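Pasted below: start39.txt, compact mmCIF, C-alpha atoms and all ligand atoms.
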```txt
# COMPACT_ATOMS: atom_id res chain seq x y z
CA MET A 14 0.00 0.00 0.00
CA PRO A 15 1.42 3.42 -0.89
CA ASP A 16 2.54 5.55 1.99
CA ALA A 17 -0.05 8.29 2.53
CA THR A 18 2.39 10.77 4.13
CA PRO A 19 5.03 11.81 1.62
CA THR A 20 8.53 11.68 3.06
CA LEU A 21 10.37 14.98 3.03
CA LEU A 22 14.08 14.72 2.42
CA ILE A 23 16.49 17.28 3.84
CA ALA A 24 19.72 17.85 1.93
CA THR A 25 22.56 18.50 4.37
CA ARG A 26 26.30 18.66 4.59
CA GLU A 27 27.80 15.92 6.70
CA SER A 28 29.87 17.84 9.22
CA ARG A 29 28.81 17.22 12.80
CA LEU A 30 27.36 20.73 13.00
CA ALA A 31 25.45 20.47 9.72
CA LEU A 32 23.99 17.12 10.76
CA TRP A 33 22.93 18.52 14.13
CA GLN A 34 21.18 21.37 12.36
CA ALA A 35 19.45 19.10 9.84
CA GLU A 36 18.32 16.76 12.62
CA HIS A 37 16.99 19.74 14.56
CA VAL A 38 14.90 20.79 11.56
CA ARG A 39 13.84 17.18 10.97
CA ASP A 40 12.49 16.99 14.52
CA LEU A 41 10.65 20.30 14.12
CA LEU A 42 9.05 19.17 10.87
CA ARG A 43 7.90 15.96 12.52
CA GLN A 44 6.57 17.62 15.65
CA ARG A 45 5.08 20.80 14.27
CA LEU A 46 4.01 19.75 10.77
CA GLY A 47 3.57 15.99 11.21
CA HIS A 48 5.83 15.08 8.30
CA GLU A 49 7.84 11.93 7.73
CA VAL A 50 11.37 13.24 7.29
CA GLY A 51 14.67 11.78 6.18
CA LEU A 52 18.17 13.19 5.61
CA LEU A 53 20.26 13.15 2.46
CA GLY A 54 23.91 13.70 3.44
CA MET A 55 26.15 15.35 0.87
CA THR A 56 29.69 16.62 0.44
CA THR A 57 30.00 20.16 -0.91
CA ARG A 58 32.89 21.84 -2.63
CA GLY A 59 33.29 23.93 0.51
CA ASP A 60 33.88 20.75 2.52
CA GLN A 61 36.46 19.46 0.05
CA ILE A 62 38.59 22.57 0.30
CA LEU A 63 38.13 23.27 4.01
CA ASP A 64 41.86 22.98 4.46
CA ARG A 65 42.65 25.70 2.01
CA THR A 66 42.02 29.42 2.10
CA LEU A 67 38.32 29.58 1.40
CA SER A 68 38.35 33.33 1.08
CA LYS A 69 40.91 33.06 -1.69
CA VAL A 70 38.96 30.60 -3.81
CA GLY A 71 35.93 32.85 -3.74
CA GLY A 72 33.81 31.73 -0.81
CA LYS A 73 30.38 32.60 -2.14
CA GLY A 74 27.97 29.72 -1.89
CA LEU A 75 30.58 26.97 -1.71
CA PHE A 76 28.60 25.19 0.99
CA VAL A 77 25.20 25.42 -0.63
CA LYS A 78 25.50 24.72 -4.36
CA GLU A 79 25.46 20.91 -4.25
CA LEU A 80 22.49 21.04 -1.91
CA GLU A 81 20.64 23.24 -4.41
CA THR A 82 21.43 20.77 -7.18
CA ALA A 83 19.80 18.03 -5.09
CA LEU A 84 16.69 20.20 -4.76
CA GLU A 85 16.71 20.96 -8.46
CA GLU A 86 16.92 17.28 -9.37
CA GLY A 87 14.20 16.33 -6.91
CA ARG A 88 16.53 14.20 -4.77
CA ALA A 89 15.65 16.32 -1.74
CA HIS A 90 12.93 18.84 -0.85
CA LEU A 91 14.64 21.26 1.46
CA ALA A 92 18.15 22.29 2.44
CA VAL A 93 19.18 23.42 5.91
CA HIS A 94 21.99 25.94 6.16
CA SER A 95 23.83 28.04 8.70
CA LEU A 96 22.41 31.31 7.43
CA LYS A 97 25.80 32.96 7.48
CA ASP A 98 27.01 30.54 4.81
CA VAL A 99 24.11 31.38 2.49
CA PRO A 100 24.89 33.91 -0.27
CA MET A 101 22.97 37.18 -0.13
CA ASP A 102 21.17 36.47 -3.37
CA LEU A 103 19.99 32.94 -4.00
CA PRO A 104 20.04 31.66 -7.56
CA ASP A 105 16.82 31.96 -9.58
CA GLY A 106 14.36 29.29 -8.65
CA PHE A 107 15.32 29.06 -4.97
CA ASP A 108 13.95 30.80 -1.92
CA LEU A 109 14.64 31.10 1.74
CA ALA A 110 11.39 29.68 3.08
CA CYS A 111 12.10 29.89 6.78
CA VAL A 112 14.49 31.28 9.36
CA LEU A 113 14.37 29.71 12.81
CA GLU A 114 14.86 31.57 16.07
CA ARG A 115 18.48 32.54 16.41
CA GLU A 116 20.85 30.78 18.81
CA ASP A 117 23.50 32.92 20.53
CA PRO A 118 24.91 35.10 17.70
CA ARG A 119 28.12 36.04 19.52
CA ASP A 120 31.70 34.97 18.96
CA ALA A 121 33.48 33.05 21.68
CA LEU A 122 37.06 32.87 22.89
CA VAL A 123 38.28 29.32 23.36
CA SER A 124 41.55 28.74 25.16
CA ASN A 125 43.11 26.23 27.52
CA ARG A 126 45.08 28.90 29.37
CA TYR A 127 43.41 32.29 29.17
CA ALA A 128 39.88 33.30 30.18
CA THR A 129 39.50 36.53 28.22
CA LEU A 130 41.03 38.47 25.38
CA ALA A 131 42.44 40.94 27.91
CA GLU A 132 44.29 38.11 29.69
CA LEU A 133 46.20 37.04 26.59
CA PRO A 134 49.85 38.01 26.93
CA GLU A 135 51.44 40.38 24.47
CA GLY A 136 52.09 38.73 21.14
CA ALA A 137 49.89 35.71 21.90
CA LYS A 138 48.94 33.55 18.96
CA VAL A 139 45.23 33.56 18.11
CA GLY A 140 43.65 31.35 15.48
CA THR A 141 40.84 32.45 13.19
CA SER A 142 40.26 32.28 9.47
CA SER A 143 37.56 34.88 9.43
CA LEU A 144 38.69 38.24 8.06
CA ARG A 145 35.83 39.82 10.01
CA ARG A 146 37.31 38.47 13.24
CA VAL A 147 40.85 39.39 12.20
CA VAL A 148 40.08 43.07 11.67
CA GLN A 149 38.09 43.39 14.89
CA LEU A 150 40.63 41.51 17.00
CA ARG A 151 43.38 43.68 15.59
CA ALA A 152 41.45 46.85 16.47
CA MET A 153 41.24 45.67 20.09
CA ARG A 154 44.65 44.02 20.41
CA PRO A 155 47.10 45.11 17.71
CA ASP A 156 49.88 43.12 19.38
CA LEU A 157 48.32 39.70 18.81
CA VAL A 158 49.69 37.34 16.21
CA ILE A 159 46.62 36.18 14.30
CA GLU A 160 46.95 33.09 12.17
CA PRO A 161 44.53 31.05 10.10
CA VAL A 162 42.95 27.94 11.58
CA ARG A 163 40.93 25.80 9.19
CA GLY A 164 38.72 22.79 9.22
CA ASN A 165 35.47 22.01 10.95
CA LEU A 166 34.89 22.76 14.63
CA ASP A 167 36.45 19.54 15.93
CA THR A 168 39.56 20.03 13.81
CA ARG A 169 39.99 23.59 15.05
CA LEU A 170 39.64 22.57 18.68
CA ARG A 171 42.18 19.79 18.15
CA LYS A 172 44.67 22.30 16.74
CA LEU A 173 44.17 24.48 19.80
CA ASP A 174 44.62 21.49 22.12
CA GLU A 175 47.81 20.49 20.31
CA GLY A 176 49.22 23.87 21.30
CA GLN A 177 49.25 25.49 17.88
CA PHE A 178 47.44 28.53 19.34
CA ASP A 179 47.01 30.31 22.67
CA ALA A 180 43.35 30.87 21.81
CA ILE A 181 40.94 30.55 18.92
CA VAL A 182 37.74 32.45 18.16
CA LEU A 183 34.62 30.54 17.11
CA ALA A 184 30.90 31.18 16.84
CA ALA A 185 29.25 30.44 20.19
CA ALA A 186 26.24 28.94 18.38
CA GLY A 187 28.20 26.13 16.79
CA LEU A 188 29.90 25.20 20.05
CA LYS A 189 26.62 25.20 21.95
CA ARG A 190 24.85 23.10 19.32
CA LEU A 191 27.54 20.45 19.52
CA GLY A 192 27.48 20.29 23.31
CA LEU A 193 30.84 22.06 23.48
CA ALA A 194 29.69 25.12 25.45
CA SER A 195 32.09 24.15 28.24
CA ARG A 196 34.97 25.04 25.88
CA ILE A 197 33.86 28.69 25.82
CA ARG A 198 36.03 30.75 28.15
CA SER A 199 34.31 34.04 27.41
CA VAL A 200 31.98 35.51 24.83
CA PHE A 201 32.56 38.78 23.06
CA GLU A 202 29.66 41.18 23.45
CA ALA A 203 27.98 41.70 20.10
CA GLY A 204 28.79 45.41 20.16
CA GLU A 205 32.48 44.72 20.81
CA MET A 206 33.11 41.94 18.27
CA ILE A 207 30.24 42.40 15.85
CA PRO A 208 29.00 39.09 14.44
CA CYS A 209 28.66 38.20 10.79
CA ALA A 210 25.31 38.65 9.01
CA GLY A 211 23.11 35.68 9.86
CA GLN A 212 25.39 34.26 12.53
CA GLY A 213 23.62 31.80 14.81
CA ALA A 214 20.53 31.55 12.60
CA LEU A 215 19.36 28.56 10.59
CA GLY A 216 17.81 29.03 7.18
CA ILE A 217 15.74 26.56 5.21
CA GLU A 218 15.94 26.77 1.43
CA VAL A 219 13.45 25.28 -1.02
CA ARG A 220 12.65 25.47 -4.70
CA SER A 221 10.51 28.51 -5.44
CA ASP A 222 7.92 26.27 -7.11
CA ALA A 223 7.42 24.20 -3.94
CA THR A 224 4.57 26.46 -2.90
CA THR A 225 2.84 24.12 -0.43
CA LEU A 226 6.04 23.32 1.41
CA ARG A 227 7.03 27.00 1.43
CA GLY A 228 3.74 27.90 3.05
CA GLN A 229 4.20 25.24 5.71
CA LEU A 230 7.77 26.25 6.45
CA ALA A 231 6.82 29.91 6.68
CA THR A 232 4.76 29.06 9.76
CA LEU A 233 7.97 27.96 11.52
CA THR A 234 9.73 31.28 10.89
CA HIS A 235 10.71 33.31 13.94
CA ARG A 236 9.63 36.76 12.85
CA PRO A 237 12.03 38.88 14.97
CA THR A 238 14.99 36.81 13.70
CA TRP A 239 13.65 36.95 10.14
CA LEU A 240 13.53 40.77 10.19
CA ALA A 241 16.93 41.06 11.90
CA VAL A 242 18.67 38.84 9.37
CA HIS A 243 17.04 40.73 6.49
CA ALA A 244 18.63 43.91 7.81
CA GLU A 245 22.01 42.19 8.25
CA ARG A 246 21.95 40.59 4.83
CA ALA A 247 21.03 43.94 3.25
CA VAL A 248 24.27 45.38 4.66
CA SER A 249 26.29 42.62 3.02
CA ARG A 250 24.38 42.90 -0.23
CA ALA A 251 24.91 46.67 -0.39
CA LEU A 252 28.66 46.23 0.01
CA GLY A 253 28.91 43.27 -2.35
CA GLY A 254 29.58 40.98 0.53
CA SER A 255 29.77 37.37 1.46
CA CYS A 256 30.75 35.80 4.76
CA SER A 257 34.36 35.79 3.53
CA MET A 258 34.64 39.61 3.68
CA PRO A 259 36.02 41.61 6.62
CA LEU A 260 32.48 42.90 7.19
CA ALA A 261 30.37 42.55 10.33
CA ALA A 262 26.61 43.18 10.50
CA HIS A 263 24.45 42.41 13.47
CA ALA A 264 20.88 43.47 14.20
CA ILE A 265 19.36 43.30 17.64
CA TRP A 266 15.94 44.22 18.96
CA VAL A 267 15.88 46.87 21.65
CA GLY A 268 12.20 46.92 22.56
CA ASP A 269 10.36 47.70 19.32
CA THR A 270 13.42 49.18 17.67
CA LEU A 271 15.90 47.26 15.53
CA ARG A 272 19.51 48.35 16.07
CA VAL A 273 22.05 47.47 13.39
CA ASP A 274 25.76 47.50 14.23
CA VAL A 275 28.19 47.26 11.34
CA ALA A 276 31.96 47.25 10.93
CA LEU A 277 34.38 46.98 8.03
CA GLY A 278 38.14 46.62 8.15
CA ASP A 279 41.01 46.14 5.75
CA PRO A 280 42.96 43.01 6.65
CA GLU A 281 45.88 43.97 4.38
CA ALA A 282 46.39 47.53 5.62
CA THR A 283 47.03 47.58 9.35
CA ASP A 284 47.22 51.38 9.41
CA ARG A 285 43.61 51.76 8.30
CA PRO A 286 41.05 52.20 11.07
CA LEU A 287 38.17 49.83 11.54
CA LEU A 288 35.05 51.59 10.25
CA ARG A 289 31.98 51.28 12.45
CA ALA A 290 28.41 52.54 12.39
CA THR A 291 25.13 52.00 14.17
CA VAL A 292 21.65 52.79 12.89
CA GLU A 293 18.29 52.06 14.43
CA GLY A 294 14.63 52.30 13.58
CA GLY A 295 11.22 50.77 13.80
CA VAL A 296 10.94 47.85 11.39
CA ALA A 297 7.56 46.30 10.57
CA ASP A 298 8.37 44.30 7.46
CA GLU A 299 11.19 42.96 5.28
CA ALA A 300 11.28 46.08 3.14
CA ALA A 301 11.87 48.27 6.20
CA ALA A 302 14.51 45.85 7.54
CA THR A 303 16.29 45.90 4.19
CA ALA A 304 16.13 49.70 4.07
CA LEU A 305 17.66 49.94 7.54
CA GLY A 306 20.49 47.60 6.56
CA THR A 307 21.11 49.59 3.39
CA THR A 308 21.32 52.78 5.46
CA ALA A 309 23.90 51.15 7.73
CA ALA A 310 25.95 50.20 4.67
CA GLN A 311 25.69 53.80 3.45
CA ARG A 312 27.13 55.02 6.79
CA LEU A 313 30.18 52.88 6.09
CA ARG A 314 30.40 54.24 2.55
CA ASP A 315 30.27 57.78 3.99
CA GLN A 316 33.39 56.89 5.99
CA GLY A 317 35.22 55.61 2.92
CA ALA A 318 34.18 51.96 2.72
CA ALA A 319 34.83 51.94 -1.02
CA GLY A 320 38.58 52.13 -0.36
CA TYR A 321 38.37 49.00 1.77
CA LEU A 322 36.54 46.88 -0.74
CA PRO A 323 38.16 44.90 -3.53
CA ALA A 324 37.68 46.64 -6.85
CA ALA A 325 34.51 45.30 -8.44
N1 LIG B 1 31.86 29.85 8.86
C1 LIG B 1 31.66 28.54 9.35
C2 LIG B 1 30.48 28.42 10.25
N2 LIG B 1 29.22 28.47 9.74
C3 LIG B 1 28.33 28.35 10.79
C4 LIG B 1 29.05 28.23 11.97
C5 LIG B 1 28.43 28.04 13.29
C6 LIG B 1 27.61 29.09 13.90
C7 LIG B 1 26.52 29.76 13.14
O1 LIG B 1 25.49 29.15 12.81
O2 LIG B 1 26.65 30.96 12.91
C8 LIG B 1 30.43 28.27 11.65
C9 LIG B 1 31.58 28.14 12.57
C10 LIG B 1 32.23 29.42 13.03
O3 LIG B 1 32.16 30.46 12.36
O4 LIG B 1 32.87 29.40 14.10
```
Show this structure as structure tokens.
Ligand SMILES: NCc1[nH]cc(CCC(=O)O)c1CC(=O)O
Amino acid sequence: MPDATPTLLIATRESRLALWQAEHVRDLLRQRLGHEVGLLGMTTRGDQILDRTLSKVGGKGLFVKELETALEEGRAHLAVHSLKDVPMDLPDGFDLACVLEREDPRDALVSNRYATLAELPEGAKVGTSSLRRVVQLRAMRPDLVIEPVRGNLDTRLRKLDEGQFDAIVLAAAGLKRLGLASRIRSVFEAGEMIPCAGQGALGIEVRSDATTLRGQLATLTHRPTWLAVHAERAVSRALGGSCSMPLAAHAIWVGDTLRVDVALGDPEATDRPLLRATVEGGVADEAAATALGTTAAQRLRDQGAAGYLPAA
């Protein structure tokens, strides 16, 4: 007898974090929408080159393309992503159907010897491959020696434990999701080390023509997170950005007002100041969120952002 409930398949990367996220969405779809759900694990180009300099091979969408192909070919129905790895503009035929309530968006300091950034001795070696973290760390502690650390979360922690670094900086959300919160020695306040657009949020992508599924997923969206990430992503879009740029954009609700903090640095030129701006406003819909993000980007342009960006 044919199965009456169609099984939904989730395309996911196979890192421990990606699988956690896909399983989390699978459980939600079962509980809240009553679906039968399975996972389709995949390797993306981003996973294959994790050991190399992602930002130098053009990071845009490296972790999502294969998943989109699976949707296109009907091998899966939805793809779950860390929103910060999702390009600002999805290819034609795909939509972000849902954004779940954000986990802690902040960055965390992980170290076996030092509890805070301030405690790190002069010239300490800090691992991060994010240009956004590099420029903000340098603004706070120009003496630190910042070096790349690649690989998935477990690999990075192993490199720290082997003594290759005095500390590393990672997203708190990923550590918490994997039950590694005890590794966090301190978190950076979001106004001090501004997170990347979409950090800590999960996005669900579907084919634009999957109208029924889109409607169902939309009911799972956490509206305050949805509006905040629209503002953040508008900042990146306005500056031609991806998560591989030295650009930070974080939106936070202060009562009924959305506050957007942004920063842009130049990782090559240490003599250039970190540019920062904050804008805030009432935001009732996506258009208003996008407009607020675009204004924040303009504040950076007013301070000379163009000189910091690679020539288009
Ligand atoms: N760029 C990699 C990446 N993509 C998503 C997360 C985990 C946290 C999140 O969902 O923002 C991480 C790890 C990190 O930046 O430390």
Legend entry - Residue neighbourhood A:Leu21, 8 Å, only C-alpha atoms, exclusion window fewer than 2 positions, as an NGL selection string: :A and (19 or 23 or 48-51 or 89-91)
Inset, instruction - Could the residues that lie within 8 Å of ligand LIG 1 (chain B), counting only C-alpha atoms and all ligand atoms, be listed as a ChimeraX atom specification? - result: /A:30,95-98,116,118,120,143,165-166,182-188,209,211-215,256
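For the set A:Leu133, A:Ala152, A:Val296, A:Ala244, the residue with the smallest atom-to-atom gap to A:His263 is A:Ala244, counting all atoms listed in the file.
Here atom CA of A:Arg250 stands at a distance of 23.2 Å from atom CA of A:Ala282.
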Inset, instruction - With a distance cut-off of 7 Å and all atoms listed in the file, select the neighbouring residues of stretch 231-233 of chain A, excluding the residue or stretch itself and same-chain residues fewer than 6 positions from it, and output the selection as a list in words. - result: Ala110, Cys111 and Leu113 of chain A
Could you make a table, as CSV, of the residues of stretch 179-257 of chain A that have an atom within 10 Å of an atom of stretch 313-325 of chain A, each with its nearest atom pair and distance in Å to one decimal, counting all atoms listed in the file, in chain and number order?
```
residue,atom,partner,partner_atom,distance
A:Val248,CA,A:Leu313,CA,9.7
A:Ala251,CA,A:Arg314,CA,9.8
A:Leu252,CA,A:Leu322,CA,7.9
A:Gly253,CA,A:Ala325,CA,8.5
A:Gly254,CA,A:Leu322,CA,9.2
```
Extending 6 Å beyond the listed atoms of stretch 223-235 of chain A on each side, what axis-aligned box results? I want centre and edge lengths in Å to one decimal, as lines of an AutoDock Vina configuration file.
```
center_x = 6.8
center_y = 28.3
center_z = 5.0
size_x = 19.9
size_y = 22.0
size_z = 29.9
```
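Minimum distance to A:Ala35 across A:Leu75, A:Thr20, A:Glu114, A:Gly216 (counting all atoms listed in the file) occurs at A:Gly216.
Here atom CA of A:Val219 stands at a distance of 7.1 Å from atom CA of A:Leu84.
Straight-line separation from atom CA of A:Ala261 to atom CA of A:Thr238: 16.8 Å.
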Legend entry - Distance criterion (only C-alpha atoms): nearest to A:Pro134 out of A:Val147, A:Ala309, A:Leu170, A:Ala180: A:Ala180
